[in-house]
Amino acid sequence: MTIVEAGQALRRREITCVELTRRCLERIEEDNPKLNAFVTVTATQALERAAALDSELATGRDRGPLHGIPIAHKDLIRTRGVRTTCGSLLFADDPMDVHAAVAERLENAGAVMVGKTGLHELAYGVTSTNPHFGAVRNPHDPRCIPGGSSGGSGVAVSTGMALGATGTDTGGSIRIPASFCGITGLKPTYGLVSTYGIQPLGLTLDHAGPMAQTVADVALMLDAVAGFDARDPASVNRPRTSHAPRQLDFRVLRIGMPRNFYFDVIAPETQAAILDAAQRMASLGAKIVSVGLPDMEALNTVARTILLAEATAVYRRRMARRDLFGDDVFALLEQGLLITGPDYVDAQRLRLPLCREFRAVFDKVDFLFAPATPMSAPRIGQSEVELGGRRMDTRLATTRTMRAINVTGLPAMSLPCPVPKGALPIGLQIVGKALDEARLLSFAAAVEDAFSF
């Protein structure tokens with residue numbers, strides 16, 4: 001059941017908020033022991049809140065389309081009264097008596113939190129194989145990773161343990177799990193959604209956004225969480241608007257297909273799926289435009305340099321407690337110590353012209369099509385993948401098609417492509433213009449419809 005369907009059923013009195021919440025809790029009880037999507041389940045609080053929301057509906061108070069909808073929060077997003085581990089032992093005893101902006105806004109919109117989802121330690125990785133809380137497993141094949149760092153959120157939505165979930169994206173951490181788990185995930189424009197109350201990783205790269213089954217569901221969640229927040233220095237001050245998908249005239253749409261980089265290192269079935277998506281849009285009247293992108297390897301290097309420095313800046317004072325870190329995360333933090341001040345400044349200085357070049361592509365096209373990830377989900381513990389005859393580090397391969405978009409701050413989303421029965425999911429990444437989420441979501445909904453057809 002999608003968020004839209006659940007909302008309609010609630011207002012037709014075919015189901016109550018309590019019954020809807022109980023369905024998700026029963027699914028958690030059934031599936032979580034084998035998939036490990038949740039770190040904390042808030043069953044008692046969720047049922048009490050759902051009962052209160054039923055009472056509100058009965059007396060005529062309707063908070064909107066998320067009223068009574070069960071959701072989950074990535075366990076990096078602080079929730080007052082419920083522990084937030086960040087997937088780390090560092091925060092095991094930290095009460096974190098703060099309510100993140102996204103949690104606050106979803107609560108005000110009437111959502112019901114059923115729990116906190118598992119993640120890669122400190123959100124610093126792509127596998128969600130956590131040394132402290134165990135591996136989160138892909139529901140399509142439990143031998144495979146769900147992606148990270150928002151892996152638990154991806155699994156929760158994919159299985160119906162929650163109808164929607166929050167995620168964060170510093171180098172692909174919403175879009176990767178969306179791709180690997182076969183759901184829809186949006187990384188909004190930098191600053192559109194407040195990161196107040198979310199444990200930072202990359203101070204100039206962090207984004208927060210929604211994950212759900214469909215584009216329409218993602219749009220409803222974005223409506224709830226987007227908007228200016230004075231507590232977040234990067235927050236964009238602009239009027240709030242509806243992101244509900246609208247009809248578009250395909251005859252005037254231009255879809256950019258990259259000539260360079262994105263299809264250089266890719267699994268054949270992933271390439272075929274993305275090209276098929278473009279063909280479907282062309283059959284509806286859209287114009288397919290071949291576009292050259294700036295030096296994407298340089299942009300990825302800039303992204304890695306900035307993240308290494310910023311993440312280590314966040315955790316440097318805690319690194320003396322080596323026993324509290326997993327090996328892979330500590331190795332990345334040590335690498336960050338090797339980035340000098342001039343290295344970081346040079347990366348930020350190079351960022352500006354590269355971003356200008358990338359954004360200039362949207363003078364020629366309305367949207368960019370690319371693979372979300374260059375391959376389907378690897379196995380848990382698989383350190384390398386083979387793509388185009390090259391063996392690559394799993395982490396570098398998985399984030400290869402993601403990192404640059406965080407550096408640019410542009411909105412991007414992953415939605416599932418049609419795949420043969422039994423095949424692992426493949427994600428299509430659609431990139432749009434800054435602060436143009438309404439149009440991006442409208443277009444993505446049309447792509448979704450074309451896939452369904």
# chains A, B, ... in the order shown; residues from 1 in each chain; ligands from 1
call {"tool": "residues_around", "arguments": {"residues": "Met161 of chain A", "least_positions_apart": "5", "cutoff": "12 Å", "atoms": "only C-alpha atoms", "output": "compact mmCIF listing (two decimals) with N, CA and C atoms, in the first residue's frame"}}
result
# COMPACT_ATOMS: atom_id res chain seq x y z
N MET A 1 0.84 -1.20 0.00
CA MET A 1 0.00 0.00 0.00
C MET A 1 0.88 1.25 0.00
N THR A 2 0.55 2.19 -0.87
CA THR A 2 1.31 3.44 -0.94
C THR A 2 0.73 4.45 0.05
N LEU A 20 -3.62 0.63 10.40
CA LEU A 20 -2.53 0.85 9.44
C LEU A 20 -1.18 0.71 10.12
N THR A 21 -1.05 1.32 11.29
CA THR A 21 0.19 1.23 12.05
C THR A 21 0.47 -0.20 12.48
N ARG A 22 -0.58 -0.89 12.92
CA ARG A 22 -0.39 -2.27 13.36
C ARG A 22 0.08 -3.16 12.20
N ARG A 23 -0.41 -2.90 10.99
CA ARG A 23 0.04 -3.68 9.82
C ARG A 23 1.55 -3.53 9.64
N CYS A 24 2.04 -2.30 9.75
CA CYS A 24 3.48 -2.08 9.57
C CYS A 24 4.26 -2.74 10.70
N LEU A 25 3.76 -2.64 11.93
CA LEU A 25 4.45 -3.25 13.06
C LEU A 25 4.48 -4.78 12.92
N GLU A 26 3.40 -5.36 12.40
CA GLU A 26 3.40 -6.81 12.17
C GLU A 26 4.40 -7.18 11.09
N ARG A 27 4.52 -6.35 10.08
CA ARG A 27 5.53 -6.61 9.03
C ARG A 27 6.94 -6.50 9.60
N ILE A 28 7.15 -5.53 10.49
CA ILE A 28 8.45 -5.41 11.14
C ILE A 28 8.75 -6.66 11.96
N GLU A 29 7.77 -7.12 12.70
CA GLU A 29 7.96 -8.30 13.53
C GLU A 29 8.30 -9.52 12.69
N GLU A 30 7.71 -9.58 11.49
CA GLU A 30 7.95 -10.72 10.61
C GLU A 30 9.27 -10.63 9.86
N ASP A 31 9.57 -9.46 9.32
CA ASP A 31 10.70 -9.33 8.39
C ASP A 31 12.00 -8.81 9.02
N ASN A 32 11.88 -8.02 10.10
CA ASN A 32 13.09 -7.41 10.63
C ASN A 32 14.11 -8.41 11.16
N LEU A 35 16.07 -9.26 8.03
CA LEU A 35 16.60 -8.18 7.20
C LEU A 35 17.31 -7.09 8.00
N ASN A 36 17.03 -7.00 9.30
CA ASN A 36 17.74 -6.08 10.20
C ASN A 36 17.63 -4.63 9.74
N ALA A 37 16.43 -4.23 9.35
CA ALA A 37 16.23 -2.86 8.86
C ALA A 37 16.14 -1.84 9.98
N PHE A 38 15.69 -2.27 11.18
CA PHE A 38 15.45 -1.33 12.27
C PHE A 38 16.45 -1.53 13.41
N VAL A 41 12.54 -0.08 17.39
CA VAL A 41 11.13 -0.11 17.01
C VAL A 41 10.33 0.55 18.12
N ALA A 43 6.99 0.62 18.95
CA ALA A 43 5.63 0.08 18.78
C ALA A 43 4.62 0.75 19.70
N ILE A 69 -0.06 8.21 8.69
CA ILE A 69 0.81 7.38 7.82
C ILE A 69 2.03 6.90 8.61
N PRO A 70 2.28 5.59 8.67
CA PRO A 70 3.46 5.07 9.38
C PRO A 70 4.74 5.31 8.58
N ILE A 71 5.70 5.94 9.22
CA ILE A 71 6.99 6.22 8.59
C ILE A 71 8.12 5.79 9.52
N ALA A 72 9.33 5.77 8.98
CA ALA A 72 10.52 5.47 9.77
C ALA A 72 11.55 6.57 9.54
N HIS A 73 12.39 6.80 10.54
CA HIS A 73 13.47 7.77 10.42
C HIS A 73 14.81 7.04 10.42
N MET A 113 5.71 7.66 13.62
CA MET A 113 7.02 7.02 13.57
C MET A 113 6.94 5.63 14.18
N VAL A 114 7.28 4.61 13.36
CA VAL A 114 7.28 3.23 13.88
C VAL A 114 8.67 2.78 14.32
N GLY A 115 9.70 3.59 14.03
CA GLY A 115 11.04 3.21 14.50
C GLY A 115 12.14 3.96 13.79
N LYS A 116 13.38 3.60 14.17
CA LYS A 116 14.60 4.20 13.62
C LYS A 116 15.34 3.12 12.84
N THR A 117 15.73 3.44 11.61
CA THR A 117 16.29 2.44 10.71
C THR A 117 17.82 2.40 10.74
N PRO A 139 16.06 -6.91 0.67
CA PRO A 139 14.88 -7.77 0.66
C PRO A 139 14.73 -8.58 -0.63
N GLY A 152 18.67 0.86 5.88
CA GLY A 152 17.50 0.43 6.63
C GLY A 152 16.23 1.11 6.14
N SER A 153 16.32 2.38 5.80
CA SER A 153 15.15 3.10 5.28
C SER A 153 14.70 2.51 3.95
N GLY A 154 15.67 2.17 3.09
CA GLY A 154 15.33 1.55 1.81
C GLY A 154 14.62 0.22 1.99
N VAL A 155 15.11 -0.59 2.92
CA VAL A 155 14.51 -1.90 3.17
C VAL A 155 13.13 -1.75 3.80
N ALA A 156 12.98 -0.81 4.74
CA ALA A 156 11.70 -0.61 5.41
C ALA A 156 10.61 -0.26 4.41
N ALA A 212 10.22 6.55 -0.61
CA ALA A 212 8.88 5.97 -0.60
C ALA A 212 8.73 5.06 -1.81
N GLN A 213 7.53 4.47 -1.93
CA GLN A 213 7.29 3.54 -3.03
C GLN A 213 7.14 4.26 -4.37
call {"tool": "select_by_dssp", "arguments": {"residues": "segment 97-342 of chain A", "states": "strand (DSSP E or B)", "output": "VMD selection string"}}
result
chain A and resid 112 to 117 129 to 130 134 to 135 138 141 144 164 to 169 184 to 187 193 198 207 to 212 226 254 to 258 287 to 291
call {"tool": "residues_around", "arguments": {"residues": "Leu435 of chain A", "least_positions_apart": "6", "cutoff": "9 Å", "atoms": "only C-alpha atoms", "output": "PyMOL selection string"}}
result
chain A and resi 188-190+192+410-411
call {"tool": "write_last_selection", "arguments": {"atoms": "C-alpha atoms", "output": "PDB file, in the first residue's frame"}}
result
ATOM      1  CA  PRO A 188      16.535  17.580  -2.956  1.00  0.00           C
ATOM      2  CA  THR A 189      18.375  20.773  -3.858  1.00  0.00           C
ATOM      3  CA  TYR A 190      20.973  21.621  -1.229  1.00  0.00           C
ATOM      4  CA  LEU A 192      15.704  22.957   0.489  1.00  0.00           C
ATOM      5  CA  LEU A 410      21.267  19.898  -7.746  1.00  0.00           C
ATOM      6  CA  PRO A 411      18.168  17.779  -7.096  1.00  0.00           C
TER       7      PRO A 411
END
call {"tool": "closest_atom_pairs", "arguments": {"of": "segment 102-210 of chain A", "to": "segment 418-428 of chain A", "cutoff": "8 Å", "atoms": "only C-alpha atoms", "output": "Markdown table"}}
result
| residue | atom | partner | partner_atom | distance |
| --- | --- | --- | --- | --- |
| A:His140 | CA | A:Leu424 | CA | 6.5 |
| A:Asp141 | CA | A:Leu424 | CA | 7.7 |
| A:Ala178 | CA | A:Gly427 | CA | 7.2 |
| A:Ser179 | CA | A:Gly427 | CA | 4.1 |
| A:Phe180 | CA | A:Pro425 | CA | 5.7 |
| A:Cys181 | CA | A:Pro425 | CA | 6.3 |
| A:Gly182 | CA | A:Pro425 | CA | 5.0 |
call {"tool": "closest_residue", "arguments": {"among": "A:Leu253, A:Leu275, A:Val157, A:Ala9", "to": "Phe362 of chain A", "atoms": "only C-alpha atoms"}}
result
A:Leu253
call {"tool": "closest_residue", "arguments": {"among": "A:Gln45, A:Gln335, A:Ser128, A:Asn300", "to": "Arg316 of chain A", "atoms": "only C-alpha atoms"}}
result
A:Gln335
